[in-house]
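Source file: model.csv; contents: CSV, C-alpha atoms.
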```csv
chain,number,residue,atom,x,y,z
A,1,MET,CA,66.4,-138.6,107.4
A,2,LYS,CA,64.1,-136.3,105.4
A,3,LYS,CA,60.6,-136.3,106.7
A,4,TRP,CA,58.0,-136.6,104.0
A,5,ARG,CA,55.1,-136.2,106.4
A,6,GLU,CA,54.3,-135.4,110.0
A,7,ASN,CA,52.8,-138.7,111.0
A,8,PRO,CA,53.4,-142.3,110.2
A,9,LYS,CA,51.7,-143.8,107.2
A,10,ILE,CA,51.6,-147.6,106.9
A,11,CYS,CA,51.6,-149.5,103.6
A,12,ILE,CA,50.5,-153.1,104.0
A,13,VAL,CA,51.6,-155.2,101.1
A,14,SER,CA,50.0,-158.7,100.8
A,15,SER,CA,49.0,-161.4,98.4
A,16,CYS,CA,45.3,-162.3,98.7
A,17,GLY,CA,44.1,-165.3,100.8
A,18,GLY,CA,46.0,-166.5,103.8
A,19,HIS,CA,48.7,-163.9,103.9
A,20,LEU,CA,46.1,-161.1,104.0
A,21,THR,CA,44.2,-162.8,106.9
A,22,GLU,CA,47.6,-163.2,108.6
A,23,VAL,CA,48.7,-159.6,108.3
A,24,ARG,CA,45.3,-158.5,109.4
A,25,CYS,CA,46.0,-160.2,112.8
A,26,LEU,CA,48.1,-157.0,113.3
A,27,LEU,CA,45.1,-154.7,112.5
A,28,PRO,CA,44.7,-153.7,116.2
A,29,ILE,CA,48.2,-152.2,115.9
A,30,PHE,CA,48.3,-150.5,112.5
A,31,SER,CA,44.6,-149.4,112.4
A,32,LYS,CA,45.4,-146.4,114.7
A,33,TYR,CA,47.7,-145.0,112.0
A,34,GLU,CA,46.9,-143.8,108.5
A,35,HIS,CA,47.3,-146.9,106.4
A,36,PHE,CA,46.5,-148.4,103.0
A,37,TYR,CA,46.8,-151.9,101.4
A,38,VAL,CA,48.4,-153.1,98.3
A,39,LEU,CA,47.1,-156.5,97.0
A,40,ASN,CA,48.0,-158.6,94.0
A,41,ASP,CA,44.5,-159.8,93.1
A,42,GLU,CA,41.1,-158.2,93.0
A,43,SER,CA,38.8,-159.6,95.6
A,44,ILE,CA,35.6,-158.7,97.5
A,45,LEU,CA,37.1,-157.1,100.6
A,46,PRO,CA,36.0,-156.5,104.2
A,47,ASP,CA,34.3,-153.1,104.6
A,48,ASP,CA,37.2,-151.5,106.4
A,49,MET,CA,39.5,-152.1,103.4
A,50,GLU,CA,37.2,-150.4,100.9
A,51,GLY,CA,38.6,-147.2,99.6
A,52,LYS,CA,42.1,-147.9,101.0
A,53,THR,CA,43.2,-150.8,98.8
A,54,GLN,CA,45.3,-150.6,95.6
A,55,PHE,CA,45.9,-153.6,93.3
A,56,ILE,CA,49.0,-154.6,91.4
A,57,CYS,CA,49.4,-157.3,88.9
A,58,HIS,CA,49.7,-160.9,90.0
A,59,ALA,CA,53.3,-162.2,89.5
A,60,GLU,CA,54.3,-165.7,90.1
A,61,ARG,CA,58.2,-165.6,90.0
A,62,ASN,CA,58.0,-164.6,86.3
A,63,TRP,CA,58.6,-161.4,84.3
A,64,LYS,CA,55.6,-159.8,85.9
A,65,VAL,CA,57.8,-159.1,88.9
A,66,LEU,CA,59.4,-156.4,86.8
A,67,LYS,CA,56.0,-154.8,86.5
A,68,ASN,CA,55.6,-155.0,90.2
A,69,PHE,CA,58.8,-152.9,90.6
A,70,PHE,CA,57.3,-150.3,88.4
A,71,GLU,CA,54.0,-150.4,90.3
A,72,ALA,CA,55.8,-150.2,93.6
A,73,LEU,CA,57.7,-147.1,92.4
A,74,MET,CA,54.5,-145.4,91.3
A,75,ILE,CA,52.5,-146.2,94.4
A,76,ILE,CA,55.2,-145.3,97.0
A,77,ARG,CA,56.1,-142.1,95.1
A,78,ARG,CA,52.4,-141.1,95.2
A,79,GLU,CA,51.5,-142.3,98.7
A,80,ARG,CA,54.8,-141.7,100.6
A,81,PRO,CA,54.4,-144.3,103.3
A,82,THR,CA,56.8,-144.2,106.2
A,83,MET,CA,56.5,-147.9,107.0
A,84,ILE,CA,55.9,-151.0,104.9
A,85,LEU,CA,54.5,-154.1,106.6
A,86,SER,CA,53.9,-157.6,105.3
A,87,THR,CA,53.7,-161.3,106.0
A,88,GLY,CA,54.3,-162.2,102.3
A,89,ALA,CA,54.1,-163.3,99.7
A,90,GLY,CA,56.5,-162.2,96.9
A,91,PRO,CA,54.8,-158.8,96.1
A,92,ILE,CA,56.5,-157.4,99.2
A,93,VAL,CA,60.0,-157.6,97.8
A,94,PRO,CA,59.8,-154.9,95.2
A,95,PHE,CA,58.0,-152.6,97.6
A,96,ALA,CA,60.5,-153.2,100.4
A,97,LEU,CA,63.5,-152.5,98.0
A,98,ILE,CA,62.0,-149.4,96.4
A,99,GLY,CA,60.5,-148.2,99.7
A,100,LYS,CA,63.7,-148.6,101.7
A,101,TRP,CA,66.3,-147.6,99.2
A,102,LEU,CA,64.6,-144.7,97.5
A,103,TYR,CA,62.2,-143.4,100.1
A,104,GLY,CA,63.7,-144.3,103.5
A,105,CYS,CA,60.7,-146.5,104.6
A,106,HIS,CA,61.0,-148.6,107.6
A,107,VAL,CA,60.3,-152.2,106.6
A,108,VAL,CA,58.7,-154.7,109.0
A,109,PHE,CA,58.3,-158.4,107.9
A,110,VAL,CA,56.7,-161.3,109.8
A,111,GLU,CA,57.5,-164.7,108.4
A,112,THR,CA,54.3,-166.7,107.8
A,113,ILE,CA,52.9,-169.0,110.5
A,114,THR,CA,52.9,-171.9,107.9
A,115,ARG,CA,56.7,-172.1,107.8
A,116,VAL,CA,57.7,-174.3,110.6
A,117,GLU,CA,60.8,-176.3,109.6
A,118,LYS,CA,62.2,-174.2,106.7
A,119,PRO,CA,61.7,-170.5,105.8
A,120,SER,CA,59.8,-169.3,102.8
A,121,LEU,CA,61.7,-167.9,99.8
A,122,THR,CA,60.2,-164.5,100.5
A,123,GLY,CA,61.3,-164.8,104.2
A,124,ARG,CA,64.9,-165.6,103.2
A,125,ILE,CA,64.9,-162.5,100.9
A,126,MET,CA,63.2,-160.2,103.3
A,127,TYR,CA,65.5,-161.2,106.1
A,128,ARG,CA,68.2,-159.3,104.2
A,129,ILE,CA,66.1,-156.3,103.7
A,130,ALA,CA,63.7,-155.7,106.6
A,131,ASP,CA,64.6,-153.4,109.4
A,132,ASP,CA,62.5,-155.5,111.8
A,133,PHE,CA,62.2,-159.2,111.0
A,134,PHE,CA,59.9,-161.5,113.1
A,135,TYR,CA,59.4,-165.2,112.8
A,136,GLN,CA,56.7,-167.3,114.6
A,137,TRP,CA,58.2,-170.8,115.4
A,138,SER,CA,61.4,-171.2,117.3
A,139,SER,CA,62.5,-174.0,114.9
A,140,LEU,CA,63.4,-171.2,112.4
A,141,ALA,CA,65.9,-169.5,114.8
A,142,ARG,CA,68.9,-171.0,113.1
A,143,PHE,CA,67.9,-169.4,109.7
A,144,PHE,CA,67.3,-166.0,111.2
A,145,PRO,CA,69.9,-165.3,113.9
A,146,ARG,CA,69.3,-161.6,113.8
A,147,GLY,CA,65.5,-161.9,113.6
A,148,THR,CA,63.1,-161.8,116.6
A,149,HIS,CA,61.1,-164.9,117.6
A,150,GLY,CA,57.6,-163.5,118.4
A,151,GLY,CA,55.6,-166.7,118.8
A,152,ALA,CA,52.5,-167.6,116.8
A,153,LEU,CA,50.0,-165.0,115.7
A,154,ILE,CA,47.2,-167.3,116.9
B,1,MET,CA,23.4,-173.9,111.4
B,2,SER,CA,25.5,-175.2,108.5
B,3,SER,CA,28.7,-176.9,107.6
B,4,PHE,CA,31.4,-175.1,105.7
B,5,VAL,CA,34.3,-176.8,103.8
B,6,CYS,CA,37.1,-174.9,102.1
B,7,VAL,CA,40.2,-175.9,100.1
B,8,GLY,CA,41.5,-172.4,99.4
B,9,ASN,CA,42.8,-171.0,96.1
B,10,ALA,CA,45.8,-173.2,95.5
B,11,VAL,CA,46.4,-174.2,91.9
B,12,GLN,CA,46.4,-177.9,92.8
B,13,PRO,CA,43.0,-179.6,93.4
B,14,PHE,CA,42.3,-181.2,96.8
B,15,THR,CA,40.1,-184.0,95.5
B,16,ARG,CA,40.9,-186.4,98.4
B,17,LEU,CA,39.2,-184.0,100.9
B,18,LEU,CA,36.3,-183.2,98.6
B,19,ASP,CA,35.5,-186.9,98.1
B,20,ALA,CA,35.6,-187.6,101.8
B,21,VAL,CA,33.3,-184.7,102.4
B,22,SER,CA,30.9,-185.9,99.7
B,23,GLN,CA,30.6,-189.2,101.5
B,24,LEU,CA,30.2,-187.7,105.0
B,25,ALA,CA,27.9,-184.8,103.9
B,26,PRO,CA,24.5,-186.5,104.6
B,27,LYS,CA,25.6,-186.8,108.3
B,28,LEU,CA,26.8,-183.2,108.6
B,29,PRO,CA,24.7,-180.2,109.7
B,30,GLN,CA,22.8,-178.9,106.7
B,31,PRO,CA,23.3,-177.2,104.4
B,32,VAL,CA,26.9,-178.2,103.5
B,33,VAL,CA,28.6,-175.4,101.6
B,34,VAL,CA,31.8,-176.5,99.9
B,35,GLN,CA,34.4,-174.1,98.4
B,36,PHE,CA,35.9,-176.6,95.9
B,37,GLY,CA,38.6,-174.4,94.2
B,38,VAL,CA,40.1,-175.8,91.0
B,39,ALA,CA,38.7,-179.3,91.3
B,40,GLU,CA,36.1,-178.6,88.6
B,41,LYS,CA,35.2,-182.3,88.1
B,42,TRP,CA,34.2,-182.8,91.7
B,43,LYS,CA,30.4,-183.5,91.9
B,44,ALA,CA,28.7,-181.5,94.6
B,45,GLY,CA,25.9,-184.0,95.1
B,46,CYS,CA,23.9,-182.9,98.2
B,47,CYS,CA,26.4,-180.1,98.9
B,48,GLU,CA,26.2,-176.5,97.7
B,49,GLY,CA,29.4,-176.0,95.7
B,50,VAL,CA,31.2,-172.7,95.1
B,51,LYS,CA,34.5,-172.4,93.3
B,52,PHE,CA,36.1,-169.4,95.1
B,53,LEU,CA,35.0,-166.9,97.7
B,54,GLY,CA,35.9,-163.4,98.4
B,55,MET,CA,37.4,-162.7,101.9
B,56,GLN,CA,34.2,-161.3,103.4
B,57,GLU,CA,32.0,-164.1,102.0
B,58,PHE,CA,34.6,-166.6,103.3
B,59,GLU,CA,34.5,-165.0,106.8
B,60,ASN,CA,30.7,-165.0,106.8
B,61,HIS,CA,30.6,-168.7,106.0
B,62,VAL,CA,33.1,-169.6,108.7
B,63,ASP,CA,31.3,-167.5,111.3
B,64,GLY,CA,27.9,-169.0,110.5
B,65,ALA,CA,28.9,-172.7,110.3
B,66,LEU,CA,28.6,-175.2,113.1
B,67,VAL,CA,31.2,-177.4,111.5
B,68,ASN,CA,34.3,-176.1,109.6
B,69,ILE,CA,36.5,-178.4,107.6
B,70,MET,CA,39.4,-176.8,106.0
B,71,HIS,CA,42.6,-177.5,104.1
B,72,ALA,CA,45.5,-176.5,106.4
B,73,GLY,CA,45.9,-173.0,104.9
B,74,ALA,CA,47.0,-170.3,107.4
B,75,GLY,CA,44.3,-167.8,106.5
B,76,SER,CA,41.5,-170.3,106.9
B,77,ILE,CA,42.8,-171.6,110.2
B,78,ILE,CA,43.5,-168.2,111.6
B,79,HIS,CA,40.1,-166.8,110.8
B,80,ALA,CA,38.3,-169.9,112.2
B,81,ILE,CA,40.2,-169.7,115.5
B,82,ARG,CA,39.6,-166.0,115.9
B,83,ALA,CA,35.9,-166.6,115.2
B,84,GLY,CA,35.9,-169.0,118.2
B,85,LYS,CA,35.5,-172.1,116.0
B,86,VAL,CA,37.3,-175.4,116.3
B,87,PRO,CA,38.0,-176.4,112.7
B,88,VAL,CA,39.0,-179.8,111.4
B,89,ILE,CA,42.1,-179.1,109.4
B,90,VAL,CA,43.3,-181.5,106.7
B,91,PRO,CA,46.8,-180.9,105.3
B,92,ARG,CA,47.5,-181.2,101.6
B,93,ARG,CA,50.2,-183.8,100.6
B,94,SER,CA,52.7,-183.1,97.8
B,95,ALA,CA,53.0,-186.8,97.1
B,96,ASN,CA,49.3,-186.7,96.0
B,97,GLY,CA,49.9,-183.7,93.8
B,98,GLU,CA,47.8,-181.6,96.3
B,99,HIS,CA,50.5,-178.9,96.9
B,100,VAL,CA,54.0,-177.9,95.8
B,101,ASP,CA,55.5,-179.2,99.1
B,102,ASP,CA,54.6,-180.6,102.5
B,103,HIS,CA,54.6,-177.4,104.5
B,104,GLN,CA,50.9,-177.9,105.4
B,105,ILE,CA,51.8,-181.3,107.0
B,106,GLU,CA,54.6,-179.6,109.0
B,107,PHE,CA,52.2,-176.9,110.0
B,108,CYS,CA,49.6,-179.4,111.2
B,109,ARG,CA,52.2,-181.4,113.1
B,110,GLN,CA,53.2,-178.2,114.9
B,111,LEU,CA,49.5,-177.8,115.9
B,112,ALA,CA,49.0,-181.4,116.9
B,113,ASP,CA,48.7,-180.4,120.6
B,114,GLU,CA,46.7,-177.2,119.9
B,115,PRO,CA,43.2,-177.7,121.4
B,116,ARG,CA,41.7,-175.0,119.2
B,117,VAL,CA,42.0,-177.2,116.0
B,118,VAL,CA,41.6,-180.9,115.2
B,119,VAL,CA,44.2,-182.2,112.8
B,120,CYS,CA,43.0,-184.9,110.4
B,121,GLU,CA,45.8,-186.1,108.1
B,122,ASP,CA,44.0,-189.3,107.0
B,123,THR,CA,40.6,-188.5,105.6
B,124,ASP,CA,39.3,-191.9,106.7
B,125,ASN,CA,39.2,-190.3,110.1
B,126,LEU,CA,37.2,-187.3,109.0
B,127,GLU,CA,33.9,-188.3,110.7
B,128,GLU,CA,35.6,-188.9,114.1
B,129,SER,CA,37.6,-185.6,113.7
B,130,VAL,CA,34.3,-183.7,113.1
B,131,ARG,CA,32.8,-185.3,116.2
B,132,ILE,CA,35.8,-184.2,118.4
B,133,ALA,CA,35.8,-180.7,116.9
B,134,MET,CA,32.1,-180.2,117.7
B,135,GLN,CA,32.6,-181.4,121.2
B,136,ARG,CA,35.6,-179.0,121.8
B,137,GLN,CA,33.7,-176.2,120.2
B,138,ASN,CA,30.8,-176.7,122.6
B,139,GLU,CA,33.2,-176.7,125.6
B,140,SER,CA,35.4,-173.8,124.6
B,141,GLY,CA,34.9,-170.1,125.5
B,142,PRO,CA,36.0,-167.0,123.5
B,143,ASP,CA,39.6,-167.1,122.2
B,144,ARG,CA,41.6,-165.2,124.9
B,145,LYS,CA,45.1,-166.3,124.3
B,146,GLU,CA,47.8,-163.7,124.8
B,147,ILE,CA,49.7,-163.1,121.6
B,148,ARG,CA,53.2,-162.0,122.4
B,149,MET,CA,53.9,-161.1,118.7
B,150,LEU,CA,51.4,-158.3,118.9
B,151,ASP,CA,53.2,-156.7,121.8
B,152,LEU,CA,56.6,-156.9,120.0
B,153,VAL,CA,55.2,-155.5,116.7
B,154,ARG,CA,53.3,-152.8,118.6
B,155,LYS,CA,56.6,-151.7,120.2
B,156,VAL,CA,58.2,-151.3,116.7
B,157,PHE,CA,55.3,-149.1,115.6
B,158,GLU,CA,55.5,-147.0,118.7
B,159,GLN,CA,59.2,-146.5,118.3
B,160,HIS,CA,58.7,-145.6,114.6
B,161,GLU,CA,56.1,-143.0,115.6
B,162,GLU,CA,58.3,-141.5,118.2
B,163,HIS,CA,61.4,-141.6,116.1
B,164,TYR,CA,59.7,-140.4,113.0
B,165,CYS,CA,57.8,-137.6,114.7
B,166,HIS,CA,60.8,-136.4,116.6
B,167,ASP,CA,63.4,-137.0,114.0
B,168,GLU,CA,65.5,-134.0,112.9
B,169,ALA,CA,65.4,-133.3,109.1
```

Render the structure in this file as structure tokens.
Amino acid sequence: MKKWRENPKICIVSSCGGHLTEVRCLLPIFSKYEHFYVLNDESILPDDMEGKTQFICHAERNWKVLKNFFEALMIIRRERPTMILSTGAGPIVPFALIGKWLYGCHVVFVETITRVEKPSLTGRIMYRIADDFFYQWSSLARFFPRGTHGGALI
Amino acid sequence: MSSFVCVGNAVQPFTRLLDAVSQLAPKLPQPVVVQFGVAEKWKAGCCEGVKFLGMQEFENHVDGALVNIMHAGAGSIIHAIRAGKVPVIVPRRSANGEHVDDHQIEFCRQLADEPRVVVCEDTDNLEESVRIAMQRQNESGPDRKEIRMLDLVRKVFEQHEEHYCHDEA
């Protein structure tokens, strides 16, 4: 695999709100690496996210998803992350596809804690794409036989 | 110390919870700050209403409140627990038009035995739920639960760093 950079660089893709809080449960892990965020809504952010957050347009399963693909291409091409991390929601899909297929990024996805009995649509899609797929509740095991049950993030 | 109520940024209103809070508000620690979301017709009464909050403002309110009452959104609950609070969590019901489906109810039922939250499905029980939550919060120490997921994800990152840094071009 061609190396774009000497050290890992992590791209955290998230929708605002609960998913962002959830992925930031992993902050103790990714904060030791160079990292940046991609969010789909402008918001007043915690201090540690200032200056390292980029915003894409908010798509809700409509034509704006195509714009997200273009935005993913522009951002990944410019930033050259080595890993893409997310707990959802939908904005991760274009980034995972572009990042993995065009730029060899390692994709890590954690299914959201709110999905207990059935997976999310994003989870079902990302299960096919992610290099490492984690889910939190054991009741989802039958949907993700090749995934890893990690237990709850709280 | 204050009380903080939040319903998140869902596109459906959560009027059932807001009305229950309005009734209970005089008995709660003051001031009662309510993030009411899209329920624009809800009357704040003696509460301080705010439509939406940025992440930092939301965290500040949770941290500073003696009582937290929340819709059963993951972000809200996660932050409250990590802040050492015992929130009352009220799931939205799709049958009432409060959400697209009932995953909040499923989530709450999964947390039924979790001492770090108090689940309140029926808002008639809100006052009692608040009483239980305050009692548990007084008794609990800092959140020290081991999170296995962190270890698993950390291992992935470490392998990535080792693999990436030592990979041949």

Which chain B residues have any atom within 6 Å of an atom of chain A, and for each, what is the nearest pair of atoms with distance in Å to one decimal, counting only C-alpha atoms, rows sorted by chain and number, as a Markdown table?
```
| residue | atom | partner | partner_atom | distance |
| --- | --- | --- | --- | --- |
| B:Gly54 | CA | A:Ile44 | CA | 4.8 |
| B:Met55 | CA | A:Leu45 | CA | 5.8 |
| B:Gln56 | CA | A:Pro46 | CA | 5.2 |
| B:Ala74 | CA | A:Gly18 | CA | 5.3 |
| B:Gly75 | CA | A:Gly18 | CA | 3.4 |
| B:Phe107 | CA | A:Thr114 | CA | 5.5 |
| B:Met149 | CA | A:Gly150 | CA | 4.4 |
| B:Arg154 | CA | A:Ile29 | CA | 5.8 |
| B:Ala169 | CA | A:Lys2 | CA | 4.9 |
```

Exercise for the section: Return the single residue from A:Ser86, A:Thr53, A:Asn40, A:Ser138 that is closest to A:Ser15, with distances computed using only C-alpha atoms. Expected result: A:Asn40

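Restricting the calculation to all atoms listed in the file, the smallest distance between B:Cys47 and any of B:Val21, B:Leu126, B:Leu66, B:Ala133 is found for B:Val21.
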
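Straight-line separation from atom CA of A:Asp41 to atom CA of B:Phe52: 12.9 Å.
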
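Note that the spacing between atom CA of B:Ser3 and atom CA of B:Asp113 amounts to 24.1 Å.
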
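Our summary of the geometry notes that atom CA of B:Val38 is positioned 12.4 Å from atom CA of B:His99.
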
Exercise for the section: Compute the distance from (46.5, -175.2, 114.3) to each atom, counting all atoms listed in the file, keep the residues with any atom at most 12 Å away, and return them as a PyMOL selection string; use the coordinates of the file. Expected result: (chain A and resi 113-114+116+152-154) or (chain B and resi 70-82+85-91+104-120)

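Ranking A:Thr87, A:Thr122, A:Ser31, A:Ser14 by their shortest atom-to-atom distance to A:Gln54, with only C-alpha atoms included, puts A:Ser14 first.
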
Completion of stretch 89-111 of chain B up to N, CA, C and O atoms, as an mmCIF file, keeping the file's coordinate frame:
```cif
data_model
loop_
_atom_site.group_PDB
_atom_site.id
_atom_site.type_symbol
_atom_site.label_atom_id
_atom_site.label_comp_id
_atom_site.auth_asym_id
_atom_site.auth_seq_id
_atom_site.Cartn_x
_atom_site.Cartn_y
_atom_site.Cartn_z
ATOM 1 N N ILE B 89 41.220 -179.541 110.417
ATOM 2 C CA ILE B 89 42.100 -179.100 109.400
ATOM 3 C C ILE B 89 42.830 -180.306 108.738
ATOM 4 O O ILE B 89 43.295 -181.217 109.429
ATOM 5 N N VAL B 90 42.841 -180.320 107.423
ATOM 6 C CA VAL B 90 43.300 -181.500 106.700
ATOM 7 C C VAL B 90 44.489 -180.977 105.779
ATOM 8 O O VAL B 90 44.266 -180.178 104.868
ATOM 9 N N PRO B 91 45.717 -181.427 106.052
ATOM 10 C CA PRO B 91 46.800 -180.900 105.300
ATOM 11 C C PRO B 91 46.913 -181.552 103.877
ATOM 12 O O PRO B 91 46.657 -182.759 103.712
ATOM 13 N N ARG B 92 47.298 -180.731 102.912
ATOM 14 C CA ARG B 92 47.500 -181.200 101.600
ATOM 15 C C ARG B 92 48.869 -181.960 101.525
ATOM 16 O O ARG B 92 49.827 -181.555 102.187
ATOM 17 N N ARG B 93 48.944 -183.001 100.703
ATOM 18 C CA ARG B 93 50.200 -183.800 100.600
ATOM 19 C C ARG B 93 50.779 -183.570 99.197
ATOM 20 O O ARG B 93 50.084 -183.763 98.196
ATOM 21 N N SER B 94 52.070 -183.250 99.121
ATOM 22 C CA SER B 94 52.700 -183.100 97.800
ATOM 23 C C SER B 94 52.748 -184.382 97.043
ATOM 24 O O SER B 94 52.632 -184.404 95.822
ATOM 25 N N ALA B 95 52.873 -185.501 97.739
ATOM 26 C CA ALA B 95 53.000 -186.800 97.100
ATOM 27 C C ALA B 95 51.708 -187.110 96.265
ATOM 28 O O ALA B 95 51.750 -187.862 95.274
ATOM 29 N N ASN B 96 50.585 -186.539 96.669
ATOM 30 C CA ASN B 96 49.300 -186.700 96.000
ATOM 31 C C ASN B 96 49.088 -185.662 94.908
ATOM 32 O O ASN B 96 48.011 -185.607 94.318
ATOM 33 N N GLY B 97 50.069 -184.780 94.745
ATOM 34 C CA GLY B 97 49.900 -183.700 93.800
ATOM 35 C C GLY B 97 48.938 -182.596 94.362
ATOM 36 O O GLY B 97 48.368 -181.806 93.605
ATOM 37 N N GLU B 98 48.791 -182.556 95.691
ATOM 38 C CA GLU B 98 47.800 -181.600 96.300
ATOM 39 C C GLU B 98 48.474 -180.263 96.600
ATOM 40 O O GLU B 98 47.765 -179.296 96.870
ATOM 41 N N HIS B 99 49.799 -180.213 96.597
ATOM 42 C CA HIS B 99 50.500 -178.900 96.900
ATOM 43 C C HIS B 99 51.921 -179.019 96.365
ATOM 44 O O HIS B 99 52.390 -180.104 96.021
ATOM 45 N N VAL B 100 52.615 -177.879 96.360
ATOM 46 C CA VAL B 100 54.000 -177.900 95.800
ATOM 47 C C VAL B 100 54.968 -178.538 96.803
ATOM 48 O O VAL B 100 56.015 -179.024 96.380
ATOM 49 N N ASP B 101 54.658 -178.524 98.076
ATOM 50 C CA ASP B 101 55.500 -179.200 99.100
ATOM 51 C C ASP B 101 54.682 -179.597 100.252
ATOM 52 O O ASP B 101 53.453 -179.535 100.183
ATOM 53 N N ASP B 102 55.300 -180.030 101.321
ATOM 54 C CA ASP B 102 54.600 -180.600 102.500
ATOM 55 C C ASP B 102 54.520 -179.603 103.652
ATOM 56 O O ASP B 102 54.428 -180.030 104.809
ATOM 57 N N HIS B 103 54.565 -178.305 103.370
ATOM 58 C CA HIS B 103 54.600 -177.400 104.500
ATOM 59 C C HIS B 103 53.274 -177.419 105.300
ATOM 60 O O HIS B 103 53.254 -177.148 106.500
ATOM 61 N N GLN B 104 52.157 -177.799 104.653
ATOM 62 C CA GLN B 104 50.900 -177.900 105.400
ATOM 63 C C GLN B 104 50.972 -179.050 106.408
ATOM 64 O O GLN B 104 50.409 -178.965 107.508
ATOM 65 N N ILE B 105 51.636 -180.126 106.035
ATOM 66 C CA ILE B 105 51.800 -181.300 107.000
ATOM 67 C C ILE B 105 52.649 -180.815 108.153
ATOM 68 O O ILE B 105 52.325 -181.097 109.309
ATOM 69 N N GLU B 106 53.757 -180.118 107.862
ATOM 70 C CA GLU B 106 54.600 -179.600 109.000
ATOM 71 C C GLU B 106 53.840 -178.705 109.873
ATOM 72 O O GLU B 106 53.939 -178.780 111.094
ATOM 73 N N PHE B 107 53.051 -177.826 109.279
ATOM 74 C CA PHE B 107 52.200 -176.900 110.000
ATOM 75 C C PHE B 107 51.265 -177.617 110.947
ATOM 76 O O PHE B 107 51.121 -177.316 112.131
ATOM 77 N N CYS B 108 50.607 -178.632 110.394
ATOM 78 C CA CYS B 108 49.600 -179.400 111.200
ATOM 79 C C CYS B 108 50.307 -180.148 112.323
ATOM 80 O O CYS B 108 49.765 -180.254 113.418
ATOM 81 N N ARG B 109 51.491 -180.687 112.065
ATOM 82 C CA ARG B 109 52.200 -181.400 113.100
ATOM 83 C C ARG B 109 52.592 -180.459 114.244
ATOM 84 O O ARG B 109 52.607 -180.827 115.412
ATOM 85 N N GLN B 110 52.889 -179.210 113.880
ATOM 86 C CA GLN B 110 53.200 -178.200 114.900
ATOM 87 C C GLN B 110 51.955 -177.910 115.735
ATOM 88 O O GLN B 110 52.060 -177.567 116.906
ATOM 89 N N LEU B 111 50.773 -178.059 115.141
ATOM 90 C CA LEU B 111 49.500 -177.800 115.900
ATOM 91 C C LEU B 111 48.893 -179.006 116.461
ATOM 92 O O LEU B 111 47.747 -178.956 116.915
#
```
